[in-house]
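Please read the structure below before turning to the comments.
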Amino acid sequence: MAWRCSGRTNADLIANMHAARIITSDKVVEAMTKVDRINYVTYKSEAYEDSPQSIGHGATISAPHMHAHAIEHLLDFLGPGNRVLDVGSGSGYLCAVLHHLVPGGVVVGIDHIPELVDWSKRNLRQDGLGSALDKNEIVMVTGDGRKGYSDFAPYDAIHVGAAAPTIPQQLVDQLKSPGRMFIPVGTFSQQIIQVDKDENGKVTKKNLMGVMYVPLTDADRQQRGY
């Protein structure tokens, strides 16, 4: 079970998720192994716990098993040269992992808290990804992620790290044909929804699992605790 995947080290954490079949692809194991979660959390002693953790400003870094689920479901749309948008990019952790899955591509992380965006850049540099930032292979921006980020659209894959009341149409519009989005949706009751757009632009939606995420809202409400 997911809550049993905590480890003493980054390698332990990933191995436990692999053993639990949360991670099934060797590509995901390799990418997650390259990114040490300790560089992206506030409480270093809890870096390898399989649980969400506060990173300040009313935000959290998702539990490792949820990041693993997201990457596994988006994997068919992650490859060389592809473009990915991470909405609610927080500490920058997932952007780092995604970067290793789209060589020659672009990962855009967007968050509406400027302090988190600045912190995420420092985290990425500490993790050895300064050159990726300098080359705009990873782009971290401040903005309202509910509106996407049109400068690099369309995206092969979109990940949303907070729960929207409904699926934002602007994110659907910024999906490439074909493309896929992984997004938690709902208020009291939340579901991860996989949104697929085929090569003709037809959109289909599939419920994947029940979850509990912080809400996707504006910066003021987040800072006030929603």
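We label chains A, B, ... in the order they appear in the structure tokens, count residues from 1 in each chain, and number ligands from 1 in the order shown.
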Near Glu115 of chain A, counting only C-alpha atoms, which residues have an atom at most 9 Å away, once you skip same-chain residues fewer than 4 positions from it, shown as a compact mmCIF listing (two decimals) with all heavy atoms, in the first residue's frame?
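Everything below was put into result.txt:
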```
# COMPACT_ATOMS: atom_id res chain seq x y z
N HIS A 57 3.23 28.78 2.56
CA HIS A 57 2.35 29.56 1.69
C HIS A 57 1.05 28.83 1.35
O HIS A 57 0.45 29.05 0.29
CB HIS A 57 3.07 29.97 0.40
CG HIS A 57 4.36 30.70 0.63
ND1 HIS A 57 4.40 32.03 0.96
CD2 HIS A 57 5.64 30.26 0.63
CE1 HIS A 57 5.67 32.39 1.13
NE2 HIS A 57 6.43 31.34 0.94
N TRP A 119 12.01 29.84 -4.87
CA TRP A 119 12.55 28.70 -4.12
C TRP A 119 12.74 27.49 -5.03
O TRP A 119 13.76 26.79 -4.95
CB TRP A 119 11.61 28.37 -2.95
CG TRP A 119 12.06 27.25 -2.07
CD1 TRP A 119 13.26 27.13 -1.43
CD2 TRP A 119 11.31 26.08 -1.72
NE1 TRP A 119 13.30 25.97 -0.70
CE2 TRP A 119 12.12 25.31 -0.85
CE3 TRP A 119 10.02 25.64 -2.04
CZ2 TRP A 119 11.68 24.10 -0.31
CZ3 TRP A 119 9.58 24.43 -1.50
CH2 TRP A 119 10.40 23.67 -0.65
N SER A 120 11.78 27.25 -5.91
CA SER A 120 11.88 26.09 -6.80
C SER A 120 13.10 26.21 -7.71
O SER A 120 13.78 25.21 -7.99
CB SER A 120 10.61 25.94 -7.64
OG SER A 120 10.47 26.96 -8.61
```
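For Ile167 of chain A, the list of residues within 9 Å, based on only C-alpha atoms and with local chain neighbours fewer than 6 positions off taken out, reads Arg146, Ile183, Pro184, Val185 and Ile193 of chain A.
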(request) Find, counting only C-alpha atoms, the residue in A:Ala47, A:Leu98, A:Leu133, A:Leu85 that gets nearest to Val172 of chain A. (result) A:Leu85
(request) List every residue of segment 83-192 of chain A that DSSP, applied to the backbone of this structure, assigns to strand (DSSP E or B), and report them as a ChimeraX atom specification. (result) /A:83-87,106-111,138-142,155-160,163-164,175-186,190-192
(message) Env of Asp50 of chain A: 6 Å cut, atoms = only C-alpha atoms, seq-sep filter 3 positions within chain, self excluded. Answer as a PyMOL selection string.
(response) chain A and resi 3+5-6+63-64
(request) Give the answer as one residue: which of A:Leu75, A:Gln53, A:Thr142, A:Asn10 has the shortest atom-to-atom distance to Val28 of chain A, using only C-alpha atoms? (result) A:Leu75
Which residues are close to Ala96 of chain A, i.e. within 8 Å by only C-alpha atoms, leaving aside same-chain residues fewer than 6 positions away? Reply as a short mmCIF file (atom, residue, chain, number, x, y, z; two decimals) with N, CA and C atoms, in the first residue's frame.
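Full text of around23.cif as output:
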```cif
data_model
loop_
_atom_site.label_atom_id
_atom_site.label_comp_id
_atom_site.auth_asym_id
_atom_site.auth_seq_id
_atom_site.Cartn_x
_atom_site.Cartn_y
_atom_site.Cartn_z
N VAL A 35 16.42 12.30 -9.27
CA VAL A 35 15.97 13.49 -8.54
C VAL A 35 15.83 13.14 -7.07
N LEU A 124 16.13 23.52 -7.90
CA LEU A 124 16.57 22.89 -9.15
C LEU A 124 18.07 23.07 -9.36
N LEU A 129 20.45 21.08 -11.82
CA LEU A 129 19.70 21.37 -13.04
C LEU A 129 19.77 22.84 -13.43
N ILE A 138 13.88 23.80 -18.62
CA ILE A 138 12.92 23.92 -17.53
C ILE A 138 12.64 25.40 -17.36
#
```
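A straight line drawn from atom CA of Lys44 of chain A to atom CA of Ala59 of chain A is 16.7 Å long.
Taking only C-alpha atoms, the non-local environment of Asn39 of chain A within 8 Å (same-chain residues fewer than 3 positions away omitted) comprises Asp36, Asn123, Leu124, Gln126 and Asp127 of chain A.
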(message) When you look at Ile110 of chain A with a cut-off of 9 Å (counting only C-alpha atoms), what residues show up, excluding the ones that are within fewer than 5 positions of it in the same chain? I need them as a list of chain:residue names.
(response) A:Leu85, A:Asp86, A:Val87, A:Gly88, A:Ser89, A:Gly90, A:Val117, A:Val139, A:Met140, A:Val141, A:Thr142, A:Gly143, A:Asp144, A:Gly145, A:Gly148, A:Tyr149
(request) Give the alpha helix (DSSP H) residues of segment 44-212 of chain A, as DSSP finds them on the backbone, and put them as a PyMOL selection string. (result) chain A and resi 64-74+93-99+114-126+130-134+169-173
Give me, as a PDB file with all heavy atoms, in the first residue's frame, all polymer residues having an atom no more than 7 Å from Asn207 of chain A, counting only C-alpha atoms and skipping those fewer than 2 positions away in the same chain.
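Printed below is result.pdb as written:
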```
ATOM      1  N   GLN A 191     -11.760  13.442  -7.440  1.00  0.00           N
ATOM      2  CA  GLN A 191     -11.321  12.346  -8.292  1.00  0.00           C
ATOM      3  C   GLN A 191     -10.169  12.827  -9.170  1.00  0.00           C
ATOM      4  O   GLN A 191     -10.165  13.972  -9.619  1.00  0.00           O
ATOM      5  CB  GLN A 191     -12.461  11.880  -9.216  1.00  0.00           C
ATOM      6  CG  GLN A 191     -13.565  11.116  -8.541  1.00  0.00           C
ATOM      7  CD  GLN A 191     -13.208   9.666  -8.315  1.00  0.00           C
ATOM      8  OE1 GLN A 191     -12.461   9.070  -9.094  1.00  0.00           O
ATOM      9  NE2 GLN A 191     -13.736   9.076  -7.246  1.00  0.00           N
ATOM     10  N   ILE A 192      -9.198  11.951  -9.409  1.00  0.00           N
ATOM     11  CA  ILE A 192      -8.242  12.222 -10.476  1.00  0.00           C
ATOM     12  C   ILE A 192      -8.939  11.899 -11.782  1.00  0.00           C
ATOM     13  O   ILE A 192      -9.487  10.805 -11.961  1.00  0.00           O
ATOM     14  CB  ILE A 192      -6.972  11.360 -10.352  1.00  0.00           C
ATOM     15  CG1 ILE A 192      -6.180  11.737  -9.101  1.00  0.00           C
ATOM     16  CG2 ILE A 192      -6.113  11.512 -11.613  1.00  0.00           C
ATOM     17  CD1 ILE A 192      -5.504  13.088  -9.159  1.00  0.00           C
ATOM     18  N   ILE A 193      -8.928  12.859 -12.697  1.00  0.00           N
ATOM     19  CA  ILE A 193      -9.509  12.654 -14.016  1.00  0.00           C
ATOM     20  C   ILE A 193      -8.403  12.700 -15.058  1.00  0.00           C
ATOM     21  O   ILE A 193      -7.567  13.611 -15.059  1.00  0.00           O
ATOM     22  CB  ILE A 193     -10.594  13.709 -14.323  1.00  0.00           C
ATOM     23  CG1 ILE A 193     -11.752  13.565 -13.322  1.00  0.00           C
ATOM     24  CG2 ILE A 193     -11.107  13.550 -15.764  1.00  0.00           C
ATOM     25  CD1 ILE A 193     -12.888  14.532 -13.546  1.00  0.00           C
ATOM     26  N   GLN A 194      -8.386  11.711 -15.911  1.00  0.00           N
ATOM     27  CA  GLN A 194      -7.482  11.684 -17.055  1.00  0.00           C
ATOM     28  C   GLN A 194      -8.233  12.258 -18.247  1.00  0.00           C
ATOM     29  O   GLN A 194      -9.262  11.729 -18.652  1.00  0.00           O
ATOM     30  CB  GLN A 194      -7.029  10.255 -17.336  1.00  0.00           C
ATOM     31  CG  GLN A 194      -6.124  10.099 -18.550  1.00  0.00           C
ATOM     32  CD  GLN A 194      -5.673   8.667 -18.704  1.00  0.00           C
ATOM     33  OE1 GLN A 194      -4.990   8.124 -17.845  1.00  0.00           O
ATOM     34  NE2 GLN A 194      -6.070   8.037 -19.798  1.00  0.00           N
ATOM     35  N   LYS A 205     -12.846  11.851 -21.103  1.00  0.00           N
ATOM     36  CA  LYS A 205     -12.445  11.944 -19.700  1.00  0.00           C
ATOM     37  C   LYS A 205     -12.667  10.601 -19.016  1.00  0.00           C
ATOM     38  O   LYS A 205     -13.655   9.922 -19.270  1.00  0.00           O
ATOM     39  CB  LYS A 205     -13.262  13.028 -18.990  1.00  0.00           C
ATOM     40  CG  LYS A 205     -13.133  14.399 -19.634  1.00  0.00           C
ATOM     41  CD  LYS A 205     -14.164  15.390 -19.111  1.00  0.00           C
ATOM     42  CE  LYS A 205     -14.109  16.693 -19.876  1.00  0.00           C
ATOM     43  NZ  LYS A 205     -15.190  17.634 -19.485  1.00  0.00           N
ATOM     44  N   MET A 209      -9.130   7.644  -9.817  1.00  0.00           N
ATOM     45  CA  MET A 209      -9.083   7.261  -8.397  1.00  0.00           C
ATOM     46  C   MET A 209      -9.567   8.420  -7.547  1.00  0.00           C
ATOM     47  O   MET A 209      -9.516   9.584  -7.950  1.00  0.00           O
ATOM     48  CB  MET A 209      -7.649   6.885  -8.005  1.00  0.00           C
ATOM     49  CG  MET A 209      -6.678   8.043  -8.052  1.00  0.00           C
ATOM     50  SD  MET A 209      -4.935   7.565  -7.863  1.00  0.00           S
ATOM     51  CE  MET A 209      -4.550   7.138  -9.568  1.00  0.00           C
TER      52      MET A 209
END
```
(request) Using only C-alpha atoms, find the one residue out of A:Gly161, A:Gly128, A:Gly81, A:Gly105 that sits nearest to Thr60 of chain A. (result) A:Gly161
(request) Choose the residue, out of A:His99, A:Lys34, A:Arg122, A:His65, that has the smallest atom-to-atom separation from Ala20 of chain A; count only C-alpha atoms. (result) A:His65
